[in-house]
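Here's target07.cif, which has mmCIF, C-alpha atoms and all ligand atoms; chains and numbers go by the auth columns:
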data_coords
loop_
_atom_site.group_PDB
_atom_site.id
_atom_site.type_symbol
_atom_site.label_atom_id
_atom_site.label_comp_id
_atom_site.label_asym_id
_atom_site.label_seq_id
_atom_site.Cartn_x
_atom_site.Cartn_y
_atom_site.Cartn_z
_atom_site.B_iso_or_equiv
_atom_site.auth_seq_id
_atom_site.auth_asym_id
ATOM 1 C CA MET A 1 39.591 -0.928 -93.202 0.00 942 A
ATOM 2 C CA ILE A 2 40.631 2.671 -93.203 0.00 943 A
ATOM 3 C CA ARG A 3 40.974 4.834 -90.098 0.00 944 A
ATOM 4 C CA GLY A 4 38.353 7.510 -90.041 0.00 945 A
ATOM 5 C CA ASP A 5 35.883 5.177 -91.664 0.00 946 A
ATOM 6 C CA LYS A 6 32.575 5.550 -89.805 0.00 947 A
ATOM 7 C CA ARG A 7 31.881 1.806 -89.777 0.00 948 A
ATOM 8 C CA PHE A 8 35.386 1.108 -88.436 0.00 949 A
ATOM 9 C CA ASN A 9 34.887 3.694 -85.684 0.00 950 A
ATOM 10 C CA ASN A 10 31.598 2.084 -84.666 0.00 951 A
ATOM 11 C CA ILE A 11 33.120 -1.410 -84.548 0.00 952 A
ATOM 12 C CA PHE A 12 36.144 -0.058 -82.624 0.00 953 A
ATOM 13 C CA PHE A 13 33.839 1.676 -80.133 0.00 954 A
ATOM 14 C CA ILE A 14 31.634 -1.396 -79.608 0.00 955 A
ATOM 15 C CA THR A 15 34.682 -3.687 -79.201 0.00 956 A
ATOM 16 C CA THR A 16 36.239 -1.337 -76.629 0.00 957 A
ATOM 17 C CA ILE A 17 33.002 -1.207 -74.604 0.00 958 A
ATOM 18 C CA ALA A 18 32.730 -5.007 -74.786 0.00 959 A
ATOM 19 C CA ILE A 19 36.307 -5.430 -73.516 0.00 960 A
ATOM 20 C CA ILE A 20 35.725 -2.964 -70.664 0.00 961 A
ATOM 21 C CA LEU A 21 32.503 -4.748 -69.666 0.00 962 A
ATOM 22 C CA THR A 22 34.224 -8.158 -69.754 0.00 963 A
ATOM 23 C CA VAL A 23 37.069 -6.926 -67.556 0.00 964 A
ATOM 24 C CA LEU A 24 34.588 -5.369 -65.091 0.00 965 A
ATOM 25 C CA ALA A 25 32.459 -8.538 -64.989 0.00 966 A
ATOM 26 C CA LEU A 26 35.537 -10.700 -64.434 0.00 967 A
ATOM 27 C CA GLY A 27 36.755 -8.476 -61.625 0.00 968 A
ATOM 28 C CA TYR A 28 33.356 -8.496 -59.963 0.00 969 A
ATOM 29 C CA ASN A 29 33.152 -12.251 -60.230 0.00 970 A
ATOM 30 C CA LEU A 30 36.572 -12.729 -58.648 0.00 971 A
ATOM 31 C CA THR A 31 35.685 -10.439 -55.747 0.00 972 A
ATOM 32 C CA TYR A 32 32.371 -12.220 -55.350 0.00 973 A
ATOM 33 C CA GLU A 33 34.077 -15.634 -55.246 0.00 974 A
ATOM 34 C CA LYS A 34 36.572 -14.369 -52.675 0.00 975 A
ATOM 35 C CA ASN A 35 33.808 -12.987 -50.448 0.00 976 A
ATOM 36 C CA ARG A 36 31.733 -16.095 -50.879 0.00 977 A
ATOM 37 C CA ASN A 37 34.638 -18.277 -49.776 0.00 978 A
ATOM 38 C CA ASN A 38 35.222 -16.085 -46.730 0.00 979 A
ATOM 39 C CA THR A 39 31.551 -16.212 -45.816 0.00 980 A
ATOM 40 C CA PHE A 40 31.573 -19.944 -46.194 0.00 981 A
ATOM 41 C CA LYS A 41 34.653 -20.250 -44.026 0.00 982 A
ATOM 42 C CA ASN A 42 33.079 -18.078 -41.347 0.00 983 A
ATOM 43 C CA ASN A 43 29.865 -20.041 -41.502 0.00 984 A
ATOM 44 C CA THR A 44 31.781 -23.271 -41.143 0.00 985 A
ATOM 45 C CA ASN A 45 33.452 -21.903 -38.047 0.00 986 A
ATOM 46 C CA LEU A 46 30.132 -20.809 -36.642 0.00 987 A
ATOM 47 C CA GLU A 47 28.357 -24.068 -37.338 0.00 988 A
ATOM 48 C CA ASP A 48 31.149 -26.342 -36.273 0.00 989 A
ATOM 49 C CA ASN A 49 32.767 -24.437 -33.440 0.00 990 A
ATOM 50 C CA SER A 50 33.662 -27.458 -31.303 0.00 991 A
ATOM 51 C CA ILE A 51 37.306 -27.661 -30.339 0.00 992 A
ATOM 52 C CA VAL A 52 37.173 -31.455 -30.093 0.00 993 A
ATOM 53 C CA THR A 53 35.796 -34.088 -32.458 0.00 994 A
ATOM 54 C CA SER A 54 33.076 -36.577 -31.551 0.00 995 A
ATOM 55 C CA ALA A 55 35.574 -39.396 -32.246 0.00 996 A
ATOM 56 C CA GLU A 56 37.882 -37.979 -29.569 0.00 997 A
ATOM 57 C CA LYS A 57 34.958 -38.009 -27.166 0.00 998 A
ATOM 58 C CA GLU A 58 33.988 -41.593 -27.938 0.00 999 A
ATOM 59 C CA SER A 59 37.479 -42.985 -27.457 0.00 1000 A
ATOM 60 C CA TYR A 60 38.095 -40.977 -24.281 0.00 1001 A
ATOM 61 C CA LEU A 61 38.861 -42.981 -21.141 0.00 1002 A
ATOM 62 C CA GLY A 62 39.370 -40.176 -18.611 0.00 1003 A
ATOM 63 C CA ALA A 63 42.089 -39.932 -15.986 0.00 1004 A
ATOM 64 C CA LYS A 64 44.266 -42.845 -14.896 0.00 1005 A
ATOM 65 C CA GLY A 65 44.599 -43.281 -11.147 0.00 1006 A
ATOM 66 C CA ASN A 66 42.948 -40.578 -9.073 0.00 1007 A
ATOM 67 C CA LYS A 67 39.696 -39.334 -10.513 0.00 1008 A
ATOM 68 C CA VAL A 68 39.698 -35.789 -11.822 0.00 1009 A
ATOM 69 C CA VAL A 69 36.616 -33.608 -11.610 0.00 1010 A
ATOM 70 C CA VAL A 70 36.432 -30.138 -13.105 0.00 1011 A
ATOM 71 C CA VAL A 71 34.174 -27.890 -11.063 0.00 1012 A
ATOM 72 C CA ASP A 72 33.018 -24.946 -13.131 0.00 1013 A
ATOM 73 C CA ALA A 73 31.486 -21.965 -11.355 0.00 1014 A
ATOM 74 C CA GLY A 74 29.231 -20.446 -14.019 0.00 1015 A
ATOM 75 C CA HIS A 75 29.954 -16.896 -15.243 0.00 1016 A
ATOM 76 C CA GLY A 76 32.473 -14.689 -13.349 0.00 1017 A
ATOM 77 C CA GLY A 77 34.527 -11.564 -13.923 0.00 1018 A
ATOM 78 C CA TYR A 78 33.004 -9.457 -16.695 0.00 1019 A
ATOM 79 C CA ASP A 79 29.946 -11.730 -16.741 0.00 1020 A
ATOM 80 C CA ALA A 80 27.655 -11.503 -13.692 0.00 1021 A
ATOM 81 C CA GLY A 81 25.144 -14.022 -15.037 0.00 1022 A
ATOM 82 C CA SER A 82 21.528 -13.434 -13.995 0.00 1023 A
ATOM 83 C CA ILE A 83 20.658 -10.985 -11.225 0.00 1024 A
ATOM 84 C CA GLY A 84 17.927 -11.677 -8.687 0.00 1025 A
ATOM 85 C CA GLN A 85 15.212 -9.251 -7.554 0.00 1026 A
ATOM 86 C CA ARG A 86 17.166 -8.701 -4.347 0.00 1027 A
ATOM 87 C CA GLY A 87 20.344 -8.030 -6.297 0.00 1028 A
ATOM 88 C CA THR A 88 22.023 -11.430 -5.863 0.00 1029 A
ATOM 89 C CA ARG A 89 24.459 -12.103 -8.693 0.00 1030 A
ATOM 90 C CA GLU A 90 24.516 -15.567 -10.225 0.00 1031 A
ATOM 91 C CA LYS A 91 28.322 -15.537 -10.498 0.00 1032 A
ATOM 92 C CA ASP A 92 28.726 -15.107 -6.718 0.00 1033 A
ATOM 93 C CA VAL A 93 26.407 -17.985 -5.827 0.00 1034 A
ATOM 94 C CA THR A 94 27.899 -20.359 -8.411 0.00 1035 A
ATOM 95 C CA LEU A 95 31.390 -19.607 -7.089 0.00 1036 A
ATOM 96 C CA ALA A 96 30.426 -20.167 -3.448 0.00 1037 A
ATOM 97 C CA VAL A 97 28.757 -23.504 -4.270 0.00 1038 A
ATOM 98 C CA ALA A 98 31.608 -24.587 -6.569 0.00 1039 A
ATOM 99 C CA LEU A 99 34.209 -23.985 -3.840 0.00 1040 A
ATOM 100 C CA LYS A 100 32.139 -25.902 -1.293 0.00 1041 A
ATOM 101 C CA LEU A 101 31.631 -28.781 -3.720 0.00 1042 A
ATOM 102 C CA GLY A 102 35.317 -28.876 -4.630 0.00 1043 A
ATOM 103 C CA LEU A 103 36.353 -29.024 -0.976 0.00 1044 A
ATOM 104 C CA LEU A 104 34.026 -31.962 -0.281 0.00 1045 A
ATOM 105 C CA LEU A 105 35.397 -33.877 -3.266 0.00 1046 A
ATOM 106 C CA GLU A 106 39.010 -33.120 -2.318 0.00 1047 A
ATOM 107 C CA LYS A 107 38.353 -34.603 1.121 0.00 1048 A
ATOM 108 C CA GLN A 108 37.426 -37.842 -0.669 0.00 1049 A
ATOM 109 C CA ASP A 109 40.717 -37.887 -2.622 0.00 1050 A
ATOM 110 C CA VAL A 110 39.203 -36.651 -5.838 0.00 1051 A
ATOM 111 C CA LYS A 111 41.504 -34.347 -7.768 0.00 1052 A
ATOM 112 C CA VAL A 112 39.540 -31.144 -8.301 0.00 1053 A
ATOM 113 C CA ILE A 113 40.300 -28.604 -10.998 0.00 1054 A
ATOM 114 C CA TYR A 114 38.464 -25.305 -10.762 0.00 1055 A
ATOM 115 C CA THR A 115 37.840 -23.232 -13.864 0.00 1056 A
ATOM 116 C CA ARG A 116 37.961 -20.258 -11.490 0.00 1057 A
ATOM 117 C CA LYS A 117 38.482 -19.919 -7.731 0.00 1058 A
ATOM 118 C CA ASN A 118 37.542 -16.263 -7.430 0.00 1059 A
ATOM 119 C CA ASP A 119 36.012 -13.466 -9.478 0.00 1060 A
ATOM 120 C CA LYS A 120 39.152 -12.940 -11.560 0.00 1061 A
ATOM 121 C CA VAL A 121 38.868 -14.879 -14.791 0.00 1062 A
ATOM 122 C CA THR A 122 41.806 -15.938 -16.955 0.00 1063 A
ATOM 123 C CA TRP A 123 39.982 -15.641 -20.269 0.00 1064 A
ATOM 124 C CA PRO A 124 39.039 -12.616 -22.373 0.00 1065 A
ATOM 125 C CA SER A 125 35.713 -10.808 -21.908 0.00 1066 A
ATOM 126 C CA ASN A 126 34.151 -12.691 -24.758 0.00 1067 A
ATOM 127 C CA ASN A 127 31.498 -15.345 -24.340 0.00 1068 A
ATOM 128 C CA LYS A 128 32.803 -17.726 -27.009 0.00 1069 A
ATOM 129 C CA GLN A 129 36.430 -17.556 -25.831 0.00 1070 A
ATOM 130 C CA ASP A 130 35.216 -17.770 -22.226 0.00 1071 A
ATOM 131 C CA LEU A 131 33.433 -21.093 -22.822 0.00 1072 A
ATOM 132 C CA GLU A 132 36.273 -22.465 -24.921 0.00 1073 A
ATOM 133 C CA ALA A 133 38.802 -21.625 -22.191 0.00 1074 A
ATOM 134 C CA ARG A 134 36.744 -23.548 -19.611 0.00 1075 A
ATOM 135 C CA ALA A 135 36.585 -26.541 -21.955 0.00 1076 A
ATOM 136 C CA ARG A 136 40.347 -26.417 -22.534 0.00 1077 A
ATOM 137 C CA ILE A 137 41.012 -26.450 -18.788 0.00 1078 A
ATOM 138 C CA SER A 138 39.024 -29.677 -18.585 0.00 1079 A
ATOM 139 C CA ASN A 139 40.553 -31.289 -21.674 0.00 1080 A
ATOM 140 C CA ASN A 140 44.092 -30.441 -20.564 0.00 1081 A
ATOM 141 C CA ALA A 141 43.401 -31.942 -17.138 0.00 1082 A
ATOM 142 C CA GLY A 142 42.123 -35.194 -18.659 0.00 1083 A
ATOM 143 C CA ALA A 143 39.009 -34.901 -16.503 0.00 1084 A
ATOM 144 C CA ASP A 144 36.613 -37.762 -15.717 0.00 1085 A
ATOM 145 C CA LEU A 145 33.747 -35.367 -15.237 0.00 1086 A
ATOM 146 C CA PHE A 146 32.976 -31.705 -15.895 0.00 1087 A
ATOM 147 C CA ILE A 147 30.276 -30.148 -13.741 0.00 1088 A
ATOM 148 C CA SER A 148 29.093 -26.639 -14.449 0.00 1089 A
ATOM 149 C CA ILE A 149 27.068 -24.804 -11.816 0.00 1090 A
ATOM 150 C CA HIS A 150 24.475 -22.195 -12.756 0.00 1091 A
ATOM 151 C CA LEU A 151 21.290 -20.523 -11.575 0.00 1092 A
ATOM 152 C CA ASN A 152 18.248 -20.293 -13.760 0.00 1093 A
ATOM 153 C CA SER A 153 16.205 -17.235 -14.604 0.00 1094 A
ATOM 154 C CA TYR A 154 12.853 -16.800 -16.277 0.00 1095 A
ATOM 155 C CA LYS A 155 10.495 -13.922 -16.956 0.00 1096 A
ATOM 156 C CA MET A 156 7.726 -15.599 -14.940 0.00 1097 A
ATOM 157 C CA LYS A 157 8.718 -14.938 -11.367 0.00 1098 A
ATOM 158 C CA ASN A 158 6.881 -17.888 -9.808 0.00 1099 A
ATOM 159 C CA VAL A 159 8.846 -20.558 -11.702 0.00 1100 A
ATOM 160 C CA ARG A 160 11.144 -22.528 -9.399 0.00 1101 A
ATOM 161 C CA GLY A 161 13.096 -25.734 -9.000 0.00 1102 A
ATOM 162 C CA THR A 162 16.254 -27.553 -10.028 0.00 1103 A
ATOM 163 C CA GLU A 163 17.073 -28.929 -13.448 0.00 1104 A
ATOM 164 C CA THR A 164 20.164 -30.697 -14.759 0.00 1105 A
ATOM 165 C CA TYR A 165 21.349 -30.679 -18.360 0.00 1106 A
ATOM 166 C CA TYR A 166 23.573 -33.202 -20.072 0.00 1107 A
ATOM 167 C CA SER A 167 25.089 -33.496 -23.500 0.00 1108 A
ATOM 168 C CA LYS A 168 22.548 -34.779 -26.013 0.00 1109 A
ATOM 169 C CA GLY A 169 23.395 -38.409 -26.809 0.00 1110 A
ATOM 170 C CA SER A 170 25.851 -38.897 -23.920 0.00 1111 A
ATOM 171 C CA ILE A 171 24.966 -42.030 -21.921 0.00 1112 A
ATOM 172 C CA LYS A 172 27.412 -41.216 -19.113 0.00 1113 A
ATOM 173 C CA GLY A 173 26.266 -37.601 -19.089 0.00 1114 A
ATOM 174 C CA LYS A 174 22.654 -38.680 -18.720 0.00 1115 A
ATOM 175 C CA GLU A 175 23.543 -41.102 -15.927 0.00 1116 A
ATOM 176 C CA ILE A 176 25.416 -38.530 -13.844 0.00 1117 A
ATOM 177 C CA ALA A 177 22.766 -35.864 -14.539 0.00 1118 A
ATOM 178 C CA GLN A 178 20.093 -38.169 -13.144 0.00 1119 A
ATOM 179 C CA LEU A 179 22.163 -38.995 -10.043 0.00 1120 A
ATOM 180 C CA ILE A 180 22.768 -35.303 -9.307 0.00 1121 A
ATOM 181 C CA GLN A 181 19.184 -34.290 -9.980 0.00 1122 A
ATOM 182 C CA ASP A 182 17.759 -37.037 -7.731 0.00 1123 A
ATOM 183 C CA GLN A 183 20.177 -36.288 -4.904 0.00 1124 A
ATOM 184 C CA ILE A 184 19.431 -32.538 -4.938 0.00 1125 A
ATOM 185 C CA VAL A 185 15.686 -33.107 -4.996 0.00 1126 A
ATOM 186 C CA LYS A 186 16.008 -35.594 -2.121 0.00 1127 A
ATOM 187 C CA ASP A 187 18.417 -33.604 0.081 0.00 1128 A
ATOM 188 C CA VAL A 188 17.740 -29.947 -0.718 0.00 1129 A
ATOM 189 C CA LYS A 189 14.039 -30.441 -1.484 0.00 1130 A
ATOM 190 C CA PHE A 190 13.886 -28.046 -4.402 0.00 1131 A
ATOM 191 C CA GLU A 191 11.189 -28.794 -6.972 0.00 1132 A
ATOM 192 C CA ASP A 192 12.171 -31.509 -9.467 0.00 1133 A
ATOM 193 C CA ARG A 193 12.242 -30.048 -12.972 0.00 1134 A
ATOM 194 C CA GLY A 194 14.015 -33.119 -14.314 0.00 1135 A
ATOM 195 C CA ILE A 195 17.047 -33.761 -16.497 0.00 1136 A
ATOM 196 C CA LYS A 196 17.259 -32.491 -20.055 0.00 1137 A
ATOM 197 C CA PRO A 197 19.494 -33.180 -23.055 0.00 1138 A
ATOM 198 C CA GLU A 198 21.071 -30.054 -24.556 0.00 1139 A
ATOM 199 C CA ASP A 199 23.599 -29.029 -27.164 0.00 1140 A
ATOM 200 C CA TYR A 200 25.445 -26.237 -25.325 0.00 1141 A
ATOM 201 C CA SER A 201 28.842 -25.313 -26.769 0.00 1142 A
ATOM 202 C CA VAL A 202 30.538 -26.338 -23.520 0.00 1143 A
ATOM 203 C CA PHE A 203 29.032 -29.823 -24.001 0.00 1144 A
ATOM 204 C CA ARG A 204 30.482 -30.010 -27.497 0.00 1145 A
ATOM 205 C CA ASN A 205 33.914 -28.753 -26.449 0.00 1146 A
ATOM 206 C CA VAL A 206 34.551 -30.725 -23.273 0.00 1147 A
ATOM 207 C CA ILE A 207 35.762 -34.270 -23.911 0.00 1148 A
ATOM 208 C CA ALA A 208 34.759 -35.669 -20.501 0.00 1149 A
ATOM 209 C CA PRO A 209 31.104 -36.396 -19.623 0.00 1150 A
ATOM 210 C CA THR A 210 29.594 -33.000 -18.843 0.00 1151 A
ATOM 211 C CA VAL A 211 26.627 -31.848 -16.826 0.00 1152 A
ATOM 212 C CA LEU A 212 25.257 -28.401 -16.139 0.00 1153 A
ATOM 213 C CA VAL A 213 23.168 -27.950 -13.011 0.00 1154 A
ATOM 214 C CA GLU A 214 20.710 -25.084 -12.725 0.00 1155 A
ATOM 215 C CA LEU A 215 20.350 -25.132 -8.945 0.00 1156 A
ATOM 216 C CA GLY A 216 17.268 -22.931 -8.799 0.00 1157 A
ATOM 217 C CA TYR A 217 15.653 -19.750 -10.108 0.00 1158 A
ATOM 218 C CA ILE A 218 17.424 -16.581 -9.033 0.00 1159 A
ATOM 219 C CA ASN A 219 14.540 -14.403 -10.248 0.00 1160 A
ATOM 220 C CA ASN A 220 12.175 -16.202 -7.873 0.00 1161 A
ATOM 221 C CA LYS A 221 12.408 -14.199 -4.620 0.00 1162 A
ATOM 222 C CA ALA A 222 11.966 -17.201 -2.332 0.00 1163 A
ATOM 223 C CA GLU A 223 14.569 -19.295 -4.131 0.00 1164 A
ATOM 224 C CA GLU A 224 16.954 -16.346 -4.420 0.00 1165 A
ATOM 225 C CA ALA A 225 16.930 -16.044 -0.613 0.00 1166 A
ATOM 226 C CA LEU A 226 17.746 -19.744 -0.223 0.00 1167 A
ATOM 227 C CA LEU A 227 20.383 -19.784 -2.976 0.00 1168 A
ATOM 228 C CA LYS A 228 22.390 -17.015 -1.338 0.00 1169 A
ATOM 229 C CA ASP A 229 22.114 -18.692 2.059 0.00 1170 A
ATOM 230 C CA SER A 230 25.371 -20.387 3.033 0.00 1171 A
ATOM 231 C CA GLY A 231 23.537 -23.265 4.738 0.00 1172 A
ATOM 232 C CA TYR A 232 21.601 -24.006 1.560 0.00 1173 A
ATOM 233 C CA GLN A 233 24.742 -23.703 -0.522 0.00 1174 A
ATOM 234 C CA ASP A 234 26.236 -26.411 1.734 0.00 1175 A
ATOM 235 C CA LYS A 235 23.194 -28.615 1.113 0.00 1176 A
ATOM 236 C CA PHE A 236 23.556 -28.259 -2.660 0.00 1177 A
ATOM 237 C CA ALA A 237 27.281 -28.952 -2.507 0.00 1178 A
ATOM 238 C CA LYS A 238 26.811 -32.037 -0.318 0.00 1179 A
ATOM 239 C CA ALA A 239 24.078 -33.455 -2.539 0.00 1180 A
ATOM 240 C CA MET A 240 26.186 -32.984 -5.678 0.00 1181 A
ATOM 241 C CA ALA A 241 29.299 -34.422 -4.025 0.00 1182 A
ATOM 242 C CA LYS A 242 27.328 -37.492 -2.927 0.00 1183 A
ATOM 243 C CA ALA A 243 26.051 -38.058 -6.470 0.00 1184 A
ATOM 244 C CA ILE A 244 29.482 -37.514 -8.051 0.00 1185 A
ATOM 245 C CA LEU A 245 31.156 -39.964 -5.668 0.00 1186 A
ATOM 246 C CA LYS A 246 28.466 -42.534 -6.433 0.00 1187 A
ATOM 247 C CA TYR A 247 29.161 -42.054 -10.144 0.00 1188 A
ATOM 248 C CA LEU A 248 32.969 -42.205 -9.851 0.00 1189 A
ATOM 249 C CA LYS A 249 33.054 -45.290 -7.663 0.00 1190 A
ATOM 250 C CA LYS A 250 31.073 -47.549 -9.908 0.00 1191 A
HETATM 251 ZN ZN ZN B . 24.192 -19.180 -15.858 0.00 1201 B
#
How does the structure come out when it is put into structure tokens?
Amino acid sequence: MIRGDKRFNNIFFITTIAIILTVLALGYNLTYEKNRNNTFKNNTNLEDNSIVTSAEKESYLGAKGNKVVVVDAGHGGYDAGSIGQRGTREKDVTLAVALKLGLLLEKQDVKVIYTRKNDKVTWPSNNKQDLEARARISNNAGADLFISIHLNSYKMKNVRGTETYYSKGSIKGKEIAQLIQDQIVKDVKFEDRGIKPEDYSVFRNVIAPTVLVELGYINNKAEEALLKDSGYQDKFAKAMAKAILKYLKK
């Protein structure tokens, strides 16, 4: 073929366009694959964000010698939790009850590890890292039990009562949840809202049997008044300590 030939020019032009398009398509595809892999990786992290495996949980025997209980005062620091109609902050009540509970257990020679003992938290102001840090404290301590203390809140202001959550599928978790729930209902006389299986991230990340107690509803004015009352906080702490000791001694 001769340069300048019209047919040659057309073929040359079409070939050049085809090459450019192929290179562009290839580049796009590579970028797409890279992004897709990143997305997948992120999704994997989101879906499976537990820091321990279920096998680790199953083979876990807990502490040797003195029993170790992690007492976790819900929220704290940057995170106030729910706020009552009278301005009570969940994080203050959970801390007060956690300290009272810890003291009662310590008096019975239980080794108590607190995730926090005041309003200063050791983890970053980030909910995911916050919950993971609490779980790590428990896993590093080789705890026999992790108890997390919270107050409930609901848009309907007349809802009230105590409920206890345990890790879905955990036999020990269910057992201790029932003991705590029954003892609170009996001793504190808050309405019995029962025990419930859940899949909270803290349940997935803590190796030891884990329960989360929602003592009462902070948005219910009557319960808010009782929850911030030191005498009632003592009652809650005593009831939980009684149930925990029953569980640990068997
Ligand atoms: Zn809470």
task = Throw together the list of residues within 7 Å of ligand ZN 1201 (chain B), counting only C-alpha atoms and all ligand atoms, and drop it here as a ChimeraX atom specification.
result = /A:1015-1016,1022-1023,1031,1091-1093
For Arg1075 in chain A, work out the shell of residues within 6 Å, counting only C-alpha atoms and skipping chain neighbours fewer than 3 positions away, then give it as a short mmCIF file (atom, residue, chain, number, x, y, z; two decimals) with C-alpha atoms, in the frame of the given file.
data_model
loop_
_atom_site.label_atom_id
_atom_site.label_comp_id
_atom_site.auth_asym_id
_atom_site.auth_seq_id
_atom_site.Cartn_x
_atom_site.Cartn_y
_atom_site.Cartn_z
CA THR A 1056 37.84 -23.23 -13.86
CA LEU A 1072 33.43 -21.09 -22.82
CA ILE A 1078 41.01 -26.45 -18.79
#
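Remark: for Lys1069 in chain A, the closest of the candidate residues A:Val1053, A:Leu1186, A:Val1010, A:Ile992 is A:Ile992 (distances computed over all atoms listed in the file).
Residue membership of the PyMOL selection byres (((chain A and resi 1103) around 8) and not hetatm) in the shown file amounts to Arg1101, Gly1102, Glu1104, Thr1105, Gln1122, Ile1125, Val1126, Phe1131, Glu1132, Asp1133, Arg1134, Gly1135, Val1154, Glu1155, Leu1156, Gly1157 and Tyr1158 of chain A.
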request  = On this file, the PyMOL selection byres (((chain A and resi 1113) around 10) and not hetatm) gives some set of residues; write that set as a ChimeraX atom specification.
outcome  = /A:1086,1107-1108,1110-1112,1114-1119,1149-1152,1188
key: Coordinates-based distance that separates CA of Asn1080 in chain A from CA of Tyr1055 in chain A (Å, one decimal)   = 12.6 Å
Run the PyMOL selection byres (((chain A and resi 1183) around 10) and not hetatm) against the file shown and list the residues it catches, as a PDB file with C-alpha atoms, in the coordinates of the input.
ATOM      1  CA  LEU A1042      31.631 -28.781  -3.720  1.00  0.00           C
ATOM      2  CA  LEU A1045      34.026 -31.962  -0.281  1.00  0.00           C
ATOM      3  CA  LEU A1046      35.397 -33.877  -3.266  1.00  0.00           C
ATOM      4  CA  LEU A1120      22.163 -38.995 -10.043  1.00  0.00           C
ATOM      5  CA  ILE A1121      22.768 -35.303  -9.307  1.00  0.00           C
ATOM      6  CA  GLN A1124      20.177 -36.288  -4.904  1.00  0.00           C
ATOM      7  CA  ILE A1125      19.431 -32.538  -4.938  1.00  0.00           C
ATOM      8  CA  PHE A1177      23.556 -28.259  -2.660  1.00  0.00           C
ATOM      9  CA  ALA A1178      27.281 -28.952  -2.507  1.00  0.00           C
ATOM     10  CA  LYS A1179      26.811 -32.037  -0.318  1.00  0.00           C
ATOM     11  CA  ALA A1180      24.078 -33.455  -2.539  1.00  0.00           C
ATOM     12  CA  MET A1181      26.186 -32.984  -5.678  1.00  0.00           C
ATOM     13  CA  ALA A1182      29.299 -34.422  -4.025  1.00  0.00           C
ATOM     14  CA  ALA A1184      26.051 -38.058  -6.470  1.00  0.00           C
ATOM     15  CA  ILE A1185      29.482 -37.514  -8.051  1.00  0.00           C
ATOM     16  CA  LEU A1186      31.156 -39.964  -5.668  1.00  0.00           C
ATOM     17  CA  LYS A1187      28.466 -42.534  -6.433  1.00  0.00           C
ATOM     18  CA  TYR A1188      29.161 -42.054 -10.144  1.00  0.00           C
TER      19      TYR A1188
END
message = Using all atoms listed in the file, can you tell me which of A:Lys1109, A:Lys1137, A:Lys1052, A:Lys1169 comes closest to Asp1085 in chain A?
response =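 Closest to Asp1085 in chain A of all the choices is A:Lys1052.
Of note, CA of Leu1036 in chain A and CA of Ala1084 in chain A are spaced 19.5 Å apart.
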